[in-house]
Amino acid sequence: MRHFLISTLLVMVSGLGALAQETGLVTLQTRQASQGWEAVGRLDIRGKGFCTAALIRDRLILTAAHCLYDADGNVLSADRFEFLAGLRDGRAQATRTVSRAIAHPDYNHRGDATDPAEVAMDIAVLELDRPIRTTRIRPYLIAQRPLTGDEVRVVSYGRGREDAPSLQEVCSVLGRQTGVIVMTCDVEYGSSGSPVFMVRDGEMRIASVVSAMAQVDGRKVSLGTSLAGPLNALLSHFAAMGPARPGGSQRLISIGERNDTGAKFVGTD
(Lines give C-alpha, C1' and ligand atoms only; values in the text may rest on other atoms or scores of the structure.)
Protein backbone atom coordinates (compact mmCIF):
# COMPACT_ATOMS: atom_id res chain seq x y z
CA MET A 1 0.00 0.00 0.00
CA ARG A 2 1.46 3.31 -1.09
CA HIS A 3 1.05 6.37 1.07
CA PHE A 4 1.56 9.87 -0.25
CA LEU A 5 0.31 13.43 -0.40
CA ILE A 6 -1.82 14.56 -3.32
CA SER A 7 -2.38 18.25 -3.80
CA THR A 8 -3.54 18.08 -7.41
CA LEU A 9 -6.75 16.33 -6.33
CA LEU A 10 -7.84 19.06 -3.93
CA VAL A 11 -10.31 20.40 -6.47
CA MET A 12 -12.06 17.04 -6.43
CA VAL A 13 -13.04 17.21 -2.78
CA SER A 14 -13.60 20.91 -2.22
CA GLY A 15 -17.10 22.22 -1.71
CA LEU A 16 -18.74 18.85 -1.15
CA GLY A 17 -21.94 18.64 0.80
CA ALA A 18 -22.72 16.18 3.56
CA LEU A 19 -21.58 12.64 2.92
CA ALA A 20 -22.93 9.37 4.23
CA GLN A 21 -22.54 8.60 7.92
CA GLU A 22 -19.46 6.41 7.82
CA THR A 23 -18.87 3.27 9.84
CA GLY A 24 -15.62 1.93 11.24
CA LEU A 25 -13.75 -1.22 10.33
CA VAL A 26 -15.24 -4.41 11.75
CA THR A 27 -13.30 -7.67 11.82
CA LEU A 28 -15.27 -10.54 10.31
CA GLN A 29 -14.56 -13.04 13.05
CA THR A 30 -17.33 -15.58 12.52
CA ARG A 31 -18.59 -17.64 9.63
CA GLN A 32 -21.91 -15.81 9.77
CA ALA A 33 -20.27 -12.39 9.65
CA SER A 34 -18.10 -13.50 6.72
CA GLN A 35 -21.02 -14.76 4.65
CA GLY A 36 -20.94 -13.22 1.18
CA TRP A 37 -17.31 -12.10 1.51
CA GLU A 38 -15.63 -15.51 1.13
CA ALA A 39 -14.39 -14.63 -2.38
CA VAL A 40 -12.16 -11.91 -0.90
CA GLY A 41 -8.82 -13.29 0.21
CA ARG A 42 -5.31 -12.53 1.29
CA LEU A 43 -2.79 -12.66 -1.53
CA ASP A 44 0.44 -13.90 0.02
CA ILE A 45 3.76 -13.06 -1.64
CA ARG A 46 6.33 -15.60 -0.52
CA GLY A 47 9.21 -14.06 1.37
CA LYS A 48 7.78 -10.56 1.09
CA GLY A 49 4.29 -9.86 2.44
CA PHE A 50 0.73 -9.69 1.19
CA CYS A 51 -1.94 -7.74 -0.65
CA THR A 52 -5.70 -8.29 -0.86
CA ALA A 53 -7.50 -9.79 -3.87
CA ALA A 54 -10.98 -10.88 -4.94
CA LEU A 55 -12.33 -13.61 -7.20
CA ILE A 56 -13.92 -12.32 -10.43
CA ARG A 57 -13.94 -15.58 -12.40
CA ASP A 58 -13.67 -19.11 -11.10
CA ARG A 59 -9.98 -19.01 -12.01
CA LEU A 60 -9.17 -15.27 -11.96
CA ILE A 61 -8.55 -12.89 -9.09
CA LEU A 62 -8.31 -9.10 -9.24
CA THR A 63 -5.77 -7.03 -7.30
CA ALA A 64 -3.53 -3.96 -7.65
CA ALA A 65 -0.82 -4.07 -10.31
CA HIS A 66 1.89 -2.72 -8.03
CA CYS A 67 1.57 -5.88 -5.91
CA LEU A 68 3.35 -7.74 -8.72
CA TYR A 69 6.69 -5.96 -8.16
CA ASP A 70 9.47 -6.22 -5.60
CA ALA A 71 11.28 -3.36 -3.86
CA ASP A 72 13.72 -3.03 -6.77
CA GLY A 73 10.97 -2.70 -9.37
CA ASN A 74 11.38 -6.25 -10.70
CA VAL A 75 8.39 -8.37 -11.73
CA LEU A 76 7.77 -11.17 -9.24
CA SER A 77 7.55 -14.74 -10.46
CA ALA A 78 3.98 -16.08 -10.48
CA ASP A 79 4.93 -18.98 -8.23
CA ARG A 80 5.63 -16.49 -5.42
CA PHE A 81 1.88 -15.85 -5.00
CA GLU A 82 -0.77 -17.79 -3.10
CA PHE A 83 -4.43 -16.83 -2.79
CA LEU A 84 -6.19 -17.66 0.49
CA ALA A 85 -9.90 -17.14 -0.15
CA GLY A 86 -11.91 -16.21 2.92
CA LEU A 87 -8.90 -16.56 5.22
CA ARG A 88 -9.94 -16.27 8.86
CA ASP A 89 -7.90 -17.25 11.91
CA GLY A 90 -5.44 -19.32 9.93
CA ARG A 91 -8.03 -21.24 7.90
CA ALA A 92 -8.98 -20.45 4.30
CA GLN A 93 -12.14 -21.47 2.50
CA ALA A 94 -9.95 -22.30 -0.51
CA THR A 95 -6.22 -22.06 -1.21
CA ARG A 96 -4.75 -21.75 -4.68
CA THR A 97 -1.35 -21.05 -6.17
CA VAL A 98 -0.96 -18.76 -9.19
CA SER A 99 0.01 -19.84 -12.69
CA ARG A 100 0.46 -16.34 -14.11
CA ALA A 101 -0.08 -12.70 -13.19
CA ILE A 102 -0.76 -9.92 -15.67
CA ALA A 103 -0.84 -6.17 -15.02
CA HIS A 104 -2.84 -3.71 -17.11
CA PRO A 105 -0.94 -3.19 -20.39
CA ASP A 106 -0.87 0.60 -19.82
CA TYR A 107 0.31 0.38 -16.22
CA ASN A 108 3.78 1.88 -15.89
CA HIS A 109 5.54 0.87 -12.68
CA ARG A 110 7.84 3.87 -12.44
CA GLY A 111 7.69 4.72 -8.75
CA ASP A 112 5.90 8.04 -9.19
CA ALA A 113 3.17 7.41 -6.66
CA THR A 114 1.81 10.94 -7.09
CA ASP A 115 0.93 10.35 -10.74
CA PRO A 116 -2.85 9.86 -11.11
CA ALA A 117 -2.26 8.18 -14.48
CA GLU A 118 -0.43 5.38 -12.68
CA VAL A 119 -3.14 4.91 -10.06
CA ALA A 120 -5.78 4.87 -12.80
CA MET A 121 -4.23 1.72 -14.34
CA ASP A 122 -3.18 0.03 -11.09
CA ILE A 123 -4.99 -3.27 -11.60
CA ALA A 124 -3.87 -6.82 -12.36
CA VAL A 125 -5.44 -10.24 -12.81
CA LEU A 126 -3.87 -13.44 -11.56
CA GLU A 127 -4.77 -16.83 -12.97
CA LEU A 128 -5.14 -19.54 -10.35
CA ASP A 129 -3.64 -22.99 -10.82
CA ARG A 130 -7.15 -24.45 -10.71
CA PRO A 131 -10.68 -23.05 -10.47
CA ILE A 132 -12.55 -22.29 -7.27
CA ARG A 133 -16.01 -23.77 -7.68
CA THR A 134 -18.00 -23.99 -4.48
CA THR A 135 -21.45 -22.79 -3.53
CA ARG A 136 -19.94 -20.67 -0.75
CA ILE A 137 -17.31 -18.86 -2.84
CA ARG A 138 -18.84 -17.08 -5.80
CA PRO A 139 -17.01 -14.68 -8.13
CA TYR A 140 -18.06 -11.05 -7.97
CA LEU A 141 -19.49 -9.12 -10.89
CA ILE A 142 -18.22 -5.65 -11.80
CA ALA A 143 -20.23 -2.46 -11.24
CA GLN A 144 -20.18 0.74 -13.24
CA ARG A 145 -17.84 3.36 -11.84
CA PRO A 146 -19.15 5.09 -8.73
CA LEU A 147 -20.19 8.74 -8.67
CA THR A 148 -19.23 11.48 -6.24
CA GLY A 149 -21.26 11.05 -3.06
CA ASP A 150 -21.98 7.36 -3.60
CA GLU A 151 -21.82 5.02 -0.64
CA VAL A 152 -19.34 2.17 -1.02
CA ARG A 153 -17.86 -0.48 1.25
CA VAL A 154 -14.51 -2.20 1.36
CA VAL A 155 -13.27 -5.61 2.53
CA SER A 156 -9.57 -5.80 3.22
CA TYR A 157 -6.68 -7.38 5.04
CA GLY A 158 -4.10 -5.06 6.55
CA ARG A 159 -1.17 -4.66 8.86
CA GLY A 160 -2.18 -5.70 12.37
CA ARG A 161 -5.31 -7.46 11.07
CA GLU A 162 -3.81 -9.83 8.54
CA ASP A 163 -5.44 -13.00 9.97
CA ALA A 164 -9.03 -12.06 9.19
CA PRO A 165 -10.82 -9.75 6.75
CA SER A 166 -12.21 -6.43 7.93
CA LEU A 167 -15.33 -4.77 6.55
CA GLN A 168 -16.10 -1.07 6.45
CA GLU A 169 -19.82 -1.10 5.80
CA VAL A 170 -20.17 2.54 4.76
CA CYS A 171 -17.62 4.94 3.30
CA SER A 172 -18.02 7.58 0.61
CA VAL A 173 -16.73 8.59 -2.80
CA LEU A 174 -15.28 12.10 -2.49
CA GLY A 175 -14.59 12.59 -6.16
CA ARG A 176 -13.18 11.27 -9.42
CA GLN A 177 -10.53 12.52 -11.79
CA THR A 178 -8.70 10.92 -14.73
CA GLY A 179 -9.77 7.44 -13.72
CA VAL A 180 -8.87 7.83 -10.02
CA ILE A 181 -11.55 7.36 -7.37
CA VAL A 182 -10.95 9.26 -4.11
CA MET A 183 -12.73 7.68 -1.13
CA THR A 184 -12.99 8.00 2.62
CA CYS A 185 -12.50 4.25 3.11
CA ASP A 186 -10.16 3.24 5.94
CA VAL A 187 -7.29 1.21 4.50
CA GLU A 188 -3.91 0.16 5.84
CA TYR A 189 -0.65 -1.36 4.64
CA GLY A 190 -1.57 -4.70 3.03
CA SER A 191 -4.89 -3.39 1.75
CA SER A 192 -3.58 -2.84 -1.78
CA GLY A 193 -5.89 -4.61 -4.20
CA SER A 194 -8.86 -4.62 -1.82
CA PRO A 195 -12.22 -4.67 -3.61
CA VAL A 196 -14.51 -1.68 -3.17
CA PHE A 197 -18.16 -2.71 -3.42
CA MET A 198 -21.45 -1.13 -4.41
CA VAL A 199 -24.93 -2.63 -4.43
CA ARG A 200 -26.24 -2.96 -7.97
CA ASP A 201 -29.33 -4.95 -8.99
CA GLY A 202 -29.62 -6.32 -5.47
CA GLU A 203 -26.10 -7.75 -5.22
CA MET A 204 -22.62 -6.68 -4.25
CA ARG A 205 -20.43 -5.77 -7.20
CA ILE A 206 -16.85 -4.54 -7.33
CA ALA A 207 -16.69 -0.87 -8.28
CA SER A 208 -13.02 -0.15 -7.65
CA VAL A 209 -9.73 -1.61 -6.42
CA VAL A 210 -7.73 0.11 -3.68
CA SER A 211 -4.39 1.42 -4.93
CA ALA A 212 -3.04 3.71 -2.20
CA MET A 213 -3.50 5.76 0.92
CA ALA A 214 -3.19 9.50 0.54
CA GLN A 215 -3.76 12.81 2.25
CA VAL A 216 -5.80 15.58 0.73
CA ASP A 217 -5.72 18.86 2.64
CA GLY A 218 -4.66 16.97 5.75
CA ARG A 219 -7.42 14.39 5.47
CA LYS A 220 -6.64 10.70 5.13
CA VAL A 221 -8.25 9.20 2.04
CA SER A 222 -7.90 6.11 -0.11
CA LEU A 223 -7.37 6.04 -3.85
CA GLY A 224 -8.83 3.46 -6.18
CA THR A 225 -9.01 2.63 -9.86
CA SER A 226 -12.12 3.13 -11.96
CA LEU A 227 -12.74 -0.33 -13.38
CA ALA A 228 -15.20 0.20 -16.24
CA GLY A 229 -12.76 0.67 -19.14
CA PRO A 230 -9.43 -0.45 -17.65
CA LEU A 231 -10.66 -3.87 -16.58
CA ASN A 232 -12.13 -4.65 -20.00
CA ALA A 233 -8.81 -3.70 -21.59
CA LEU A 234 -6.90 -5.81 -19.08
CA LEU A 235 -9.08 -8.88 -19.63
CA SER A 236 -8.73 -8.51 -23.41
CA HIS A 237 -4.96 -8.25 -23.00
CA PHE A 238 -4.99 -11.33 -20.77
CA ALA A 239 -7.04 -13.35 -23.26
CA ALA A 240 -4.75 -12.37 -26.14
CA MET A 241 -1.72 -13.78 -24.32
CA GLY A 242 -2.96 -17.34 -24.67
CA PRO A 243 -2.41 -20.21 -22.22
CA ALA A 244 0.04 -19.90 -19.34
CA ARG A 245 3.48 -21.35 -19.89
CA PRO A 246 4.47 -24.41 -17.88
CA GLY A 247 6.13 -23.64 -14.57
CA GLY A 248 4.27 -20.41 -13.89
CA SER A 249 7.33 -18.20 -14.19
CA GLN A 250 6.78 -16.54 -17.55
CA ARG A 251 7.52 -12.88 -18.01
CA LEU A 252 4.50 -10.75 -17.22
CA ILE A 253 4.94 -7.40 -18.93
CA SER A 254 7.85 -5.19 -19.87
CA ILE A 255 6.63 -1.61 -19.70
CA GLY A 256 8.83 0.52 -17.48
CA GLU A 257 10.50 0.07 -14.14
CA ARG A 258 9.91 1.27 -10.62
CA ASN A 259 11.96 1.70 -7.47
CA ASP A 260 9.34 0.96 -4.80
CA THR A 261 6.77 -1.71 -4.09
CA GLY A 262 3.08 -1.54 -3.29
CA ALA A 263 2.91 -4.71 -1.27
CA LYS A 264 3.66 -3.49 2.22
CA PHE A 265 5.41 -6.19 4.13
CA VAL A 266 4.66 -7.42 7.63
CA GLY A 267 7.37 -6.28 10.01
CA THR A 268 9.05 -3.81 7.67
CA ASP A 269 6.88 -0.73 8.20
# chains A, B, ... in the order shown; residues from 1 in each chain; ligands from 1

call {"tool": "select_by_dssp", "arguments": {"residues": "range 68-111 of chain A", "states": "strand (DSSP E)", "output": "JSON, numbers by chain"}}
result
{"A": [81, 82, 83, 84, 85, 94, 95, 96, 97, 98, 99, 100, 101, 102, 103]}

call {"tool": "write_last_selection", "arguments": {"atoms": "N, CA and C atoms", "output": "PDB file, in the first residue's frame"}}
result
ATOM      1  N   PHE A  81       3.183 -16.272  -5.512  1.00  0.00           N
ATOM      2  CA  PHE A  81       1.879 -15.847  -5.004  1.00  0.00           C
ATOM      3  C   PHE A  81       1.014 -17.033  -4.578  1.00  0.00           C
ATOM      4  N   GLU A  82       0.225 -16.813  -3.546  1.00  0.00           N
ATOM      5  CA  GLU A  82      -0.766 -17.790  -3.102  1.00  0.00           C
ATOM      6  C   GLU A  82      -2.009 -17.045  -2.646  1.00  0.00           C
ATOM      7  N   PHE A  83      -3.163 -17.480  -3.121  1.00  0.00           N
ATOM      8  CA  PHE A  83      -4.434 -16.832  -2.790  1.00  0.00           C
ATOM      9  C   PHE A  83      -5.167 -17.657  -1.748  1.00  0.00           C
ATOM     10  N   LEU A  84      -5.498 -17.006  -0.621  1.00  0.00           N
ATOM     11  CA  LEU A  84      -6.187 -17.659   0.486  1.00  0.00           C
ATOM     12  C   LEU A  84      -7.585 -17.057   0.589  1.00  0.00           C
ATOM     13  N   ALA A  85      -8.532 -17.671  -0.099  1.00  0.00           N
ATOM     14  CA  ALA A  85      -9.895 -17.139  -0.153  1.00  0.00           C
ATOM     15  C   ALA A  85     -10.579 -17.275   1.197  1.00  0.00           C
ATOM     16  N   ALA A  94     -10.613 -21.656   0.635  1.00  0.00           N
ATOM     17  CA  ALA A  94      -9.950 -22.303  -0.508  1.00  0.00           C
ATOM     18  C   ALA A  94      -8.564 -21.691  -0.644  1.00  0.00           C
ATOM     19  N   THR A  95      -7.602 -22.517  -1.021  1.00  0.00           N
ATOM     20  CA  THR A  95      -6.218 -22.062  -1.209  1.00  0.00           C
ATOM     21  C   THR A  95      -5.767 -22.453  -2.613  1.00  0.00           C
ATOM     22  N   ARG A  96      -5.218 -21.492  -3.335  1.00  0.00           N
ATOM     23  CA  ARG A  96      -4.745 -21.747  -4.685  1.00  0.00           C
ATOM     24  C   ARG A  96      -3.399 -21.056  -4.912  1.00  0.00           C
ATOM     25  N   THR A  97      -2.555 -21.712  -5.687  1.00  0.00           N
ATOM     26  CA  THR A  97      -1.354 -21.050  -6.172  1.00  0.00           C
ATOM     27  C   THR A  97      -1.695 -20.321  -7.469  1.00  0.00           C
ATOM     28  N   VAL A  98      -0.733 -19.597  -8.006  1.00  0.00           N
ATOM     29  CA  VAL A  98      -0.962 -18.755  -9.187  1.00  0.00           C
ATOM     30  C   VAL A  98      -0.109 -19.239 -10.345  1.00  0.00           C
ATOM     31  N   SER A  99      -0.727 -19.382 -11.513  1.00  0.00           N
ATOM     32  CA  SER A  99       0.010 -19.837 -12.693  1.00  0.00           C
ATOM     33  C   SER A  99       0.565 -18.685 -13.514  1.00  0.00           C
ATOM     34  N   ARG A 100      -0.081 -17.531 -13.471  1.00  0.00           N
ATOM     35  CA  ARG A 100       0.460 -16.335 -14.114  1.00  0.00           C
ATOM     36  C   ARG A 100      -0.245 -15.095 -13.584  1.00  0.00           C
ATOM     37  N   ALA A 101       0.437 -13.973 -13.692  1.00  0.00           N
ATOM     38  CA  ALA A 101      -0.084 -12.700 -13.188  1.00  0.00           C
ATOM     39  C   ALA A 101       0.184 -11.632 -14.233  1.00  0.00           C
ATOM     40  N   ILE A 102      -0.850 -10.880 -14.582  1.00  0.00           N
ATOM     41  CA  ILE A 102      -0.763  -9.917 -15.672  1.00  0.00           C
ATOM     42  C   ILE A 102      -1.268  -8.554 -15.212  1.00  0.00           C
ATOM     43  N   ALA A 103      -0.433  -7.534 -15.332  1.00  0.00           N
ATOM     44  CA  ALA A 103      -0.839  -6.168 -15.016  1.00  0.00           C
ATOM     45  C   ALA A 103      -1.502  -5.526 -16.237  1.00  0.00           C
TER      46      ALA A 103
END

call {"tool": "atom_distance", "arguments": {"atom1": "CA of His66 in chain A", "atom2": "CA of Met241 in chain A"}}
result
20.0 Å

call {"tool": "residues_around", "arguments": {"residues": "range 165-176 of chain A", "least_positions_apart": "4", "cutoff": "9 Å", "atoms": "only C-alpha atoms", "output": "MDAnalysis selection string"}}
result
chainID A and resid 9 11:14 16 19:29 34 37 40:42 86:88 146:158 161 180:186 221 226

call {"tool": "residues_around", "arguments": {"residues": "range 227-240 of chain A", "least_positions_apart": "3", "cutoff": "6 Å", "atoms": "only C-alpha atoms", "output": "ChimeraX atom specification"}}
result
/A:104,144,208

call {"tool": "select_by_dssp", "arguments": {"residues": "range 28-269 of chain A", "states": "helix (DSSP H, G or I)", "output": "tab-separated table (two decimals) with N, CA and C atoms, in the first residue's frame"}}
result
chain	number	residue	atom	x	y	z
A	31	ARG	N	-18.13	-17.18	10.94
A	31	ARG	CA	-18.59	-17.64	9.63
A	31	ARG	C	-19.83	-16.86	9.18
A	32	GLN	N	-20.71	-16.56	10.11
A	32	GLN	CA	-21.91	-15.81	9.77
A	32	GLN	C	-21.57	-14.40	9.31
A	33	ALA	N	-20.66	-13.75	10.03
A	33	ALA	CA	-20.27	-12.39	9.65
A	33	ALA	C	-19.57	-12.35	8.30
A	34	SER	N	-18.87	-13.43	7.96
A	34	SER	CA	-18.10	-13.50	6.72
A	34	SER	C	-18.93	-13.90	5.51
A	65	ALA	N	-1.98	-3.71	-9.49
A	65	ALA	CA	-0.82	-4.07	-10.31
A	65	ALA	C	0.49	-3.92	-9.56
A	66	HIS	N	0.60	-2.92	-8.68
A	66	HIS	CA	1.89	-2.72	-8.03
A	66	HIS	C	2.24	-3.84	-7.06
A	67	CYS	N	1.28	-4.71	-6.75
A	67	CYS	CA	1.57	-5.88	-5.91
A	67	CYS	C	2.45	-6.90	-6.63
A	68	LEU	N	2.60	-6.76	-7.94
A	68	LEU	CA	3.35	-7.74	-8.72
A	68	LEU	C	4.85	-7.44	-8.77
A	78	ALA	N	5.35	-15.70	-10.85
A	78	ALA	CA	3.98	-16.08	-10.48
A	78	ALA	C	3.94	-17.11	-9.36
A	79	ASP	N	4.97	-17.95	-9.27
A	79	ASP	CA	4.93	-18.98	-8.23
A	79	ASP	C	5.24	-18.43	-6.84
A	80	ARG	N	5.45	-17.11	-6.74
A	80	ARG	CA	5.63	-16.49	-5.42
A	80	ARG	C	4.29	-16.17	-4.75
A	116	PRO	N	-1.53	10.46	-11.00
A	116	PRO	CA	-2.85	9.86	-11.11
A	116	PRO	C	-2.96	8.87	-12.26
A	117	ALA	N	-2.19	9.09	-13.33
A	117	ALA	CA	-2.26	8.18	-14.48
A	117	ALA	C	-1.80	6.78	-14.09
A	118	GLU	N	-0.89	6.69	-13.12
A	118	GLU	CA	-0.43	5.38	-12.68
A	118	GLU	C	-1.49	4.70	-11.81
A	119	VAL	N	-2.08	5.46	-10.90
A	119	VAL	CA	-3.14	4.91	-10.06
A	119	VAL	C	-4.32	4.44	-10.91
A	120	ALA	N	-4.63	5.17	-11.96
A	120	ALA	CA	-5.78	4.87	-12.80
A	120	ALA	C	-5.66	3.52	-13.51
A	228	ALA	N	-14.36	0.41	-15.05
A	228	ALA	CA	-15.20	0.20	-16.24
A	228	ALA	C	-14.39	-0.07	-17.50
A	229	GLY	N	-13.56	0.87	-17.94
A	229	GLY	CA	-12.76	0.67	-19.14
A	229	GLY	C	-11.50	-0.12	-18.90
A	230	PRO	N	-10.71	0.23	-17.88
A	230	PRO	CA	-9.43	-0.45	-17.65
A	230	PRO	C	-9.54	-1.96	-17.48
A	231	LEU	N	-10.57	-2.43	-16.78
A	231	LEU	CA	-10.66	-3.87	-16.58
A	231	LEU	C	-10.98	-4.60	-17.87
A	232	ASN	N	-11.85	-4.02	-18.70
A	232	ASN	CA	-12.13	-4.65	-20.00
A	232	ASN	C	-10.87	-4.75	-20.84
A	233	ALA	N	-10.06	-3.68	-20.83
A	233	ALA	CA	-8.81	-3.70	-21.59
A	233	ALA	C	-7.85	-4.74	-21.03
A	234	LEU	N	-7.79	-4.83	-19.70
A	234	LEU	CA	-6.90	-5.81	-19.08
A	234	LEU	C	-7.31	-7.24	-19.41
A	235	LEU	N	-8.61	-7.53	-19.34
A	235	LEU	CA	-9.08	-8.88	-19.63
A	235	LEU	C	-8.87	-9.24	-21.10
A	236	SER	N	-9.01	-8.26	-21.99
A	236	SER	CA	-8.73	-8.51	-23.41
A	236	SER	C	-7.25	-8.80	-23.62
A	237	HIS	N	-6.41	-8.04	-22.94
A	237	HIS	CA	-4.96	-8.25	-23.00
A	237	HIS	C	-4.61	-9.64	-22.47
A	238	PHE	N	-5.23	-10.01	-21.37
A	238	PHE	CA	-4.99	-11.33	-20.77
A	238	PHE	C	-5.38	-12.45	-21.73
A	239	ALA	N	-6.57	-12.32	-22.34
A	239	ALA	CA	-7.04	-13.35	-23.26
A	239	ALA	C	-6.14	-13.48	-24.48
A	240	ALA	N	-5.60	-12.35	-24.95
A	240	ALA	CA	-4.75	-12.37	-26.14
A	240	ALA	C	-3.40	-13.04	-25.90

call {"tool": "residues_around", "arguments": {"residues": "Val210 in chain A", "least_positions_apart": "3", "cutoff": "10 Å", "atoms": "only C-alpha atoms", "output": "list of chain:residue names"}}
result
A:Met1, A:Thr52, A:Ala53, A:Thr63, A:Ala64, A:Val119, A:Asp122, A:Ile123, A:Val154, A:Ser156, A:Ile181, A:Val182, A:Met183, A:Cys185, A:Val187, A:Ser191, A:Ser192, A:Gly193, A:Ser194, A:Pro195, A:Val196, A:Met213, A:Ser222, A:Leu223, A:Gly224, A:Thr225, A:Ser226

call {"tool": "atom_distance", "arguments": {"atom1": "CA of Asp163 in chain A", "atom2": "CA of Asp89 in chain A"}}
result
5.3 Å

call {"tool": "closest_residue", "arguments": {"among": "A:Leu128, A:Ile56, A:Ala164, A:Ile45", "to": "Ala207 in chain A", "atoms": "only C-alpha atoms"}}
result
A:Ile56

call {"tool": "closest_residue", "arguments": {"among": "A:Leu43, A:Ala71, A:Leu126, A:Ala143", "to": "Arg59 in chain A", "atoms": "only C-alpha atoms"}}
result
A:Leu126

call {"tool": "atom_distance", "arguments": {"atom1": "CA of Tyr107 in chain A", "atom2": "CA of Leu60 in chain A"}}
result
18.8 Å
